[in-house]
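J.: Sharing run.txt, compact mmCIF, C-alpha atoms:
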```txt
# COMPACT_ATOMS: atom_id res chain seq x y z
CA MET A 244 0.00 0.00 0.00
CA PRO A 245 1.47 3.34 -0.97
CA PHE A 246 -0.27 5.22 1.89
CA ALA A 247 0.73 2.83 4.66
CA ASN A 248 3.46 5.08 6.03
CA ILE A 249 2.39 8.68 5.50
CA GLY A 250 4.18 9.99 8.57
CA VAL A 251 3.90 13.27 10.42
CA PRO A 252 5.01 15.55 7.56
CA GLY A 253 2.41 14.00 5.26
CA LEU A 254 -0.33 14.49 7.84
CA ILE A 255 0.68 18.12 8.29
CA ILE A 256 0.48 18.70 4.53
CA ILE A 257 -2.96 17.06 4.41
CA LEU A 258 -4.22 19.22 7.30
CA VAL A 259 -2.88 22.40 5.70
CA LEU A 260 -4.56 21.52 2.40
CA ALA A 261 -7.83 20.81 4.21
CA LEU A 262 -7.56 24.17 5.97
CA ILE A 263 -6.97 25.95 2.65
CA ILE A 264 -9.79 24.11 0.85
CA PHE A 265 -12.50 24.20 3.53
CA GLY A 266 -11.49 27.21 5.57
CA PRO A 267 -11.18 27.58 9.34
CA ASN A 268 -14.94 27.91 9.95
CA LYS A 269 -15.88 24.66 8.22
CA LEU A 270 -13.19 22.37 9.67
CA PRO A 271 -14.79 21.93 13.15
CA GLU A 272 -18.09 20.99 11.50
CA LEU A 273 -16.33 18.44 9.30
CA GLY A 274 -14.51 17.03 12.32
CA ARG A 275 -17.76 16.65 14.26
CA ALA A 276 -19.47 14.98 11.32
CA THR A 277 -16.57 12.59 10.88
CA GLY A 278 -16.59 11.76 14.59
CA ARG A 279 -20.32 11.06 14.60
CA THR A 280 -19.99 8.86 11.54
CA LEU A 281 -17.17 6.83 13.08
CA LYS A 282 -19.13 6.50 16.34
CA GLU A 283 -22.20 5.19 14.51
CA PHE A 284 -20.09 2.80 12.45
CA LYS A 285 -18.36 1.49 15.57
CA SER A 286 -21.64 0.90 17.40
CA ALA A 287 -23.15 -0.81 14.35
CA THR A 288 -20.21 -3.16 13.93
CA LYS A 289 -20.17 -3.86 17.66
CA GLY A 290 -23.85 -4.82 17.40
CA LEU A 291 -23.15 -7.17 14.51
CA VAL A 292 -20.30 -8.85 16.36
CA SER A 293 -22.39 -9.31 19.50
CA ASP A 294 -25.22 -10.81 17.41
CA ASP A 295 -22.78 -13.32 15.93
CA ASP A 296 -21.46 -14.20 19.39
CA ASP A 297 -25.02 -14.74 20.67
CA GLU A 298 -25.77 -17.10 17.79
CA LYS A 299 -22.61 -19.10 18.47
CA LYS A 300 -23.50 -19.40 22.16
CA GLU A 301 -27.02 -20.56 21.29
CA LYS A 302 -25.68 -23.23 18.93
CA LYS A 303 -23.24 -24.48 21.57
CA SER A 304 -25.95 -24.68 24.21
CA GLU A 305 -28.26 -26.53 21.78
CA THR A 306 -25.60 -29.11 20.97
CA LYS A 307 -24.81 -29.58 24.66
CA SER A 308 -28.48 -30.11 25.51
CA GLU A 309 -28.86 -32.57 22.62
CA THR A 310 -25.88 -34.65 23.80
CA LYS A 311 -27.20 -34.67 27.38
CA ALA A 312 -30.65 -35.79 26.21
CA GLU A 313 -29.20 -38.79 24.38
```
Please lay out the structure from this file as structure tokens.
T.:
Amino acid sequence: MPFANIGVPGLIIILVLALIIFGPNKLPELGRATGRTLKEFKSATKGLVSDDDDEKKEKKSETKSETKAE
């Protein structure tokens, strides 16, 4: 991946370009929107992972109860 090691100078250049393009008034709004989006994505993926874990636990308990019944 060509962007794997951007480094601090690369990040500074990106931030300066963002400041020039969007202006100082718009950057906080963009940051908040990005933060909210990441928070929603994280909670959604956490919900999916917990659903998968619940299904695995249910399957294990079903197989245990079936072996005990036999």
J.: By how many Å are CA of Lys285 in chain A and CA of Asn268 in chain A apart?
T.: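 We find that CA of Lys285 in chain A and CA of Asn268 in chain A lie 27.2 Å from each other.
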J.: Smallest atom-to-atom distance to Ala261 in chain A: which of A:Gly274, A:Ser293, A:Ile249, A:Lys282, using all atoms listed in the file?
T.: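 Checking each of A:Gly274, A:Ser293, A:Ile249, A:Lys282 against Ala261 in chain A, counting all atoms listed in the file, the winner is A:Gly274.
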J.: Give me, please, the distance in Å between CA of Phe284 in chain A and CA of Ile255 in chain A, quoted to one decimal.
T.: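 Taking CA of Phe284 in chain A and CA of Ile255 in chain A, their separation equals 26.1 Å.
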J.: Quick one, how far is CA of Ala276 in chain A from CA of Ile256 in chain A?
T.: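 That distance, rounded to one decimal, is 21.4 Å.
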